[in-house]
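**Q** The structure follows.
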Protein chains: 2
Amino acid sequence: MQGKYRALWLNDDGLLEVIDQTKLPFEYKTKVLKTTQEVATAIQDMTVRGAGVIGSVAAFGIYIASMEVDDDYEKLKEKALLIRESRPTAVNLMWAVDKMLELLKDSTDLVNDSKLYAIKLNNDEALESQKIAEYGCNIIERILVEKNKKKINILTHCNAGWLAVIDEGTALAPIYEALRRGIDVHVWVDETRPRNQGASLTAWELTQSGVNHTIIADNTGGHLMQSGEVDMVIVGADRVSANGDVANKIGTYLKALAADDNDVPFYVAIPASTFDFDIRDGVKEIPIELRSEDEVKYMRGVDSDGVVREVLITPKDSPAINYGFDVTPARLITGLITNKGVCEADFDKIQEKFRG
Amino acid sequence: MQGKYRALWLNDDGLLEVIDQTKLPFEYKTKVLKTTQEVATAIQDMTVRGAGVIGSVAAFGIYIASMEVDDDYEKLKEKALLIRESRPTAVNLMWAVDKMLELLKDSTDLVNDSKLYAIKLNNDEALESQKIAEYGCNIIERILVEKNKKKINILTHCNAGWLAVIDEGTALAPIYEALRRGIDVHVWVDETRPRNQGASLTAWELTQSGVNHTIIADNTGGHLMQSGEVDMVIVGADRVSANGDVANKIGTYLKALAADDNDVPFYVAIPASTFDFDIRDGVKEIPIELRSEDEVKYMRGVDSDGVVREVLITPKDSPAINYGFDVTPARLITGLITNKGVCEADFDKIQEKFRG
């Protein structure tokens, strides 16, 4: 069960094995990626997804590519391009490929060295996740003390757990740490339309990890906060601007507004690499990905015979629009939980802590 | 095509015919309701839904019941009970049945009189809808002038059109009036999870009525408002407390917060009968209906062969919770568009206008 709590791993034959996330939550299937092309395809068709996991797979992808090039670094660079371009908007993917190539520049044993570097890169990320887990869980403990409560209710949006980032994710990492510390934790899982990463991936991941949770329609969080049923919100992020504005899955901003209106602490958990210091005003400057309308109009699920089907849920001719992300202004964010500690979502504080 | 722009009507044979809303948007089918039992069943199984439409069907249901009782008023009262109890939480349903019975108390010709009263009651509601249309559209015109724009983008949540309230609905009535006045209007349709009344009913209704619209995931409205893509929000309501708090479909509160954060006018369109003067603090006192978790976990749609199917979209064992409504505090509401004019969502103003 090596794969149970990880999105990818080297299996007993030393091969890269990943959970096929396109099949979740209906089927648990893994795939062994044996060639550079298979790695690129797995990233492209979203067999693997999640900012961190894509980077992790890409790093091992360079190891796989190295086995196809007879210690020829130029050939490796060519192969690497196939992986680097498999999802052009994923910052982590490019970073991981470039980092690996840089490290291997003077190597005389590409196969061995790339394996070691990929493992190291993954271990470094796992360590970041562990740091986020600890800092985040300290906040959970503080809230329980402040409220004099025994049980914490945490709301999350989308999937930022171990299916997204090695080793335990970002937003969900503090929750797994809470479980280890014996805290009674319950998670409200936003289903996260239109791609349903919450209802499919987060709910599945929490089930596997034995965390109490309840799936809710994205519309529900406001009412729950009004009713005192949410003690804190933790989400991940795709990009954080220099002033602390947070780009994350569409709908995050609405939850931040509700948290603010009901004095619920709203935290964003990220590795420090998520900052984009070139962007000074996230709300105005971060470009928002426009995706296919079909993700809104069609829904995938399993029918009563166990067959996975896609069904149309709108009038055929009604148009739909599908923005993938929104930007939550820094003023709505209680704090950024990073591998380097917790930081206010504020330009000066961020500069001081991460560029000082 | 008598049914095209109405949810119910008396057909050429003088019989009550309704659109089967459980089949929308996949199939347009009508049903003729010939007996008291058929009327009660149609309300119960949601063949007809929407506060106003349920009341309208119930009024005609009393007419249908009158044909089964040989001018015996006591028997009619018994029959009426079957309709009155078909959906116990629908305030309008009880109101319509009681009103009809009251009017018929001294009748010597139940069949003729009940038909006339049912028609009158429906015409009265249609007139209310027309008044809401006019007052609401005046606001649309004012916003266009203020912004010096030629086209208005209106966001709505759930379904409060002619599938919900005779004759043109509440929230959508001003939009139909705008179309008549030659205004270029475009509607952002919240899909409205978990029951998808927006993606199925509102999108279908607007298609039938030739109104430009785009379906969005419920998560999207905040980003659209940040980007200046929403000029106003209009929603309906199930109940409005004496202080102007608004109970409406779950998720309404989140859109009101986003509207407030982005200075987008947020209006609630209601017939004056929607006020519940017994409730002084809506957020604290209005009870919220808890519905089946299956509405969150399963989704209905049509597959590539045209077969309507229900699919499971979550892990089978993950629990879900399904609150039907939330309450938007009066402070977030720009105004209440009623059949008696536009009113601030404020205790004193409401008292003055509606109880003065």
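A note on labels: chains of the structure tokens are A, B, ... as shown, every chain counts residues from 1, and ligands are counted from 1 in their shown order.
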Going by DSSP on the backbone, which residues of range 233-315 of chain A come out as strand (DSSP E or B)? List them as a list in words.
**A**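 Put together, the selection reads Val233, Ile234, Val235, Arg239, Val240, Ser241, Val246, Ala247, Asn248, Lys249, Phe266, Tyr267, Val268, Ala269, Ile270, Phe275, Asp276, Leu290, Arg291, Tyr298, Met299, Arg300, Gly301, Val302, Val308, Arg309, Glu310, Val311 and Leu312 of chain A.
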**Q** Set the cut-off to 7 Å and count only C-alpha atoms: what are the residues of chain A that reach chain B? Output as an NGL selection string.
**A** :A and (25-26 or 193-194 or 199-200 or 203-204 or 214-220 or 222-223 or 250-251 or 253-254 or 257-258 or 296 or 300-303 or 310-315 or 318-323 or 326)
**Q** For the selection you just gave me, I'd like the residues written to a file as a short mmCIF file (atom, residue, chain, number, x, y, z; two decimals), in the first residue's frame, keeping N, CA and C atoms.
**A**
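So result-v7.cif came out as:
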```cif
data_model
loop_
_atom_site.label_atom_id
_atom_site.label_comp_id
_atom_site.auth_asym_id
_atom_site.auth_seq_id
_atom_site.Cartn_x
_atom_site.Cartn_y
_atom_site.Cartn_z
N PRO A 25 -13.06 9.70 -7.79
CA PRO A 25 -13.01 8.77 -6.67
C PRO A 25 -13.63 7.42 -6.99
N PHE A 26 -13.86 7.16 -8.28
CA PHE A 26 -14.65 5.98 -8.64
C PHE A 26 -13.80 4.71 -8.71
N ARG A 193 -17.00 23.16 -7.70
CA ARG A 193 -17.40 23.21 -9.10
C ARG A 193 -16.53 24.20 -9.86
N PRO A 194 -16.31 24.01 -11.17
CA PRO A 194 -16.96 22.96 -11.95
C PRO A 194 -16.22 21.63 -12.01
N ALA A 199 -15.18 17.34 -4.08
CA ALA A 199 -16.07 16.19 -3.93
C ALA A 199 -15.41 14.89 -4.38
N SER A 200 -14.49 15.00 -5.35
CA SER A 200 -13.86 13.77 -5.83
C SER A 200 -12.52 13.54 -5.12
N ALA A 203 -12.35 14.59 -0.85
CA ALA A 203 -13.17 13.65 -0.07
C ALA A 203 -12.55 12.26 -0.10
N TRP A 204 -12.05 11.85 -1.26
CA TRP A 204 -11.43 10.53 -1.38
C TRP A 204 -10.16 10.46 -0.54
N THR A 214 -17.24 16.20 5.68
CA THR A 214 -18.58 16.29 5.11
C THR A 214 -18.48 17.12 3.84
N ILE A 215 -19.02 16.59 2.75
CA ILE A 215 -19.02 17.33 1.49
C ILE A 215 -20.17 18.33 1.49
N ILE A 216 -19.91 19.54 1.01
CA ILE A 216 -20.96 20.54 0.88
C ILE A 216 -20.93 21.17 -0.51
N ALA A 217 -22.09 21.62 -0.98
CA ALA A 217 -22.12 22.44 -2.18
C ALA A 217 -21.34 23.72 -1.88
N ASP A 218 -20.71 24.29 -2.91
CA ASP A 218 -19.91 25.51 -2.70
C ASP A 218 -20.74 26.66 -2.13
N ASN A 219 -22.05 26.58 -2.34
CA ASN A 219 -22.95 27.62 -1.84
C ASN A 219 -23.13 27.63 -0.33
N THR A 220 -22.68 26.57 0.35
CA THR A 220 -23.09 26.32 1.73
C THR A 220 -22.23 26.99 2.79
N GLY A 222 -21.11 29.94 3.51
CA GLY A 222 -21.56 31.17 4.16
C GLY A 222 -22.53 30.88 5.29
N HIS A 223 -23.52 30.05 5.01
CA HIS A 223 -24.50 29.69 6.04
C HIS A 223 -23.83 29.00 7.22
N ILE A 250 -11.25 29.04 -8.39
CA ILE A 250 -12.42 29.92 -8.44
C ILE A 250 -13.38 29.63 -7.27
N GLY A 251 -13.83 30.68 -6.61
CA GLY A 251 -14.73 30.52 -5.46
C GLY A 251 -14.06 30.78 -4.13
N TYR A 253 -12.40 33.38 -3.19
CA TYR A 253 -12.70 34.77 -2.80
C TYR A 253 -14.04 34.86 -2.04
N LEU A 254 -15.05 34.12 -2.52
CA LEU A 254 -16.37 34.17 -1.85
C LEU A 254 -16.28 33.63 -0.42
N LEU A 257 -14.64 36.23 1.81
CA LEU A 257 -15.59 37.28 2.18
C LEU A 257 -16.48 36.83 3.34
N ALA A 258 -16.97 35.60 3.24
CA ALA A 258 -17.85 35.08 4.30
C ALA A 258 -17.08 34.92 5.61
N VAL A 296 -18.32 23.06 -17.21
CA VAL A 296 -19.51 23.51 -16.49
C VAL A 296 -20.74 22.71 -16.94
N ARG A 300 -19.18 14.34 -14.62
CA ARG A 300 -18.79 12.94 -14.67
C ARG A 300 -19.14 12.27 -13.36
N GLY A 301 -19.69 11.08 -13.45
CA GLY A 301 -20.03 10.34 -12.25
C GLY A 301 -20.25 8.89 -12.60
N VAL A 302 -20.64 8.11 -11.60
CA VAL A 302 -20.80 6.68 -11.83
C VAL A 302 -22.29 6.33 -11.71
N ASP A 303 -22.82 5.58 -12.67
CA ASP A 303 -24.25 5.27 -12.62
C ASP A 303 -24.52 4.06 -11.73
N GLU A 310 -20.45 10.52 -18.47
CA GLU A 310 -20.48 11.97 -18.48
C GLU A 310 -21.87 12.37 -18.94
N VAL A 311 -22.52 13.25 -18.17
CA VAL A 311 -23.88 13.68 -18.55
C VAL A 311 -23.92 15.20 -18.70
N LEU A 312 -24.78 15.64 -19.63
CA LEU A 312 -25.02 17.07 -19.85
C LEU A 312 -26.04 17.54 -18.81
N ILE A 313 -25.72 18.64 -18.09
CA ILE A 313 -26.62 19.06 -17.00
C ILE A 313 -27.28 20.41 -17.27
N THR A 314 -27.11 20.93 -18.48
CA THR A 314 -27.69 22.23 -18.85
C THR A 314 -28.43 22.08 -20.18
N PRO A 315 -29.22 23.09 -20.57
CA PRO A 315 -29.74 23.05 -21.94
C PRO A 315 -28.55 23.02 -22.90
N SER A 318 -27.38 26.51 -24.26
CA SER A 318 -27.03 27.62 -23.37
C SER A 318 -25.51 27.70 -23.25
N PRO A 319 -24.93 28.88 -23.48
CA PRO A 319 -23.48 28.99 -23.29
C PRO A 319 -23.11 29.03 -21.82
N ALA A 320 -21.87 28.65 -21.52
CA ALA A 320 -21.37 28.74 -20.14
C ALA A 320 -19.98 29.35 -20.21
N ILE A 321 -19.52 29.92 -19.09
CA ILE A 321 -18.15 30.44 -19.06
C ILE A 321 -17.46 29.86 -17.84
N ASN A 322 -16.15 29.63 -17.96
CA ASN A 322 -15.46 28.83 -16.97
C ASN A 322 -14.10 29.42 -16.62
N TYR A 323 -14.10 30.35 -15.66
CA TYR A 323 -12.84 30.88 -15.14
C TYR A 323 -12.29 29.90 -14.11
N ASP A 326 -9.77 32.63 -9.03
CA ASP A 326 -10.05 34.02 -8.70
C ASP A 326 -8.95 34.50 -7.75
#
```
**Q** Given only C-alpha atoms as the basis, pick out the residue of A:Glu38, A:Asp190, A:Phe277, A:Ile143 nearest to Met232 in chain A.
**A**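 Result for the nearest residue to Met232 in chain A: A:Ile143.
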**Q** Could you tell me how far CA of Ala7 in chain B lies from CA of Cys158 in chain B, in Å and to one decimal?
**A**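 Those two atoms sit 16.2 Å apart.
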**Q** Mind the document's chain letters and residue numbers, and return as a count of residues only the residues of range 118-235 of chain A that DSSP labels helix (DSSP H, G or I).
**A** 56
**Q** Report as number ranges by chain all protein, DNA and RNA residues lying within 10 Å of range 91-98 of chain A, evaluated on only C-alpha atoms, omitting residues in the same chain fewer than 2 positions from it.
**A** A: 43, 50-62, 77, 80-81, 83-89, 100-104, 118, 121-122, 238-239, 273-274
**Q** May I ask for the distance between CA of Asp12 in chain A and CA of Ile64 in chain A, given in Å to one decimal place?
**A**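 It comes out at 15.6 Å.
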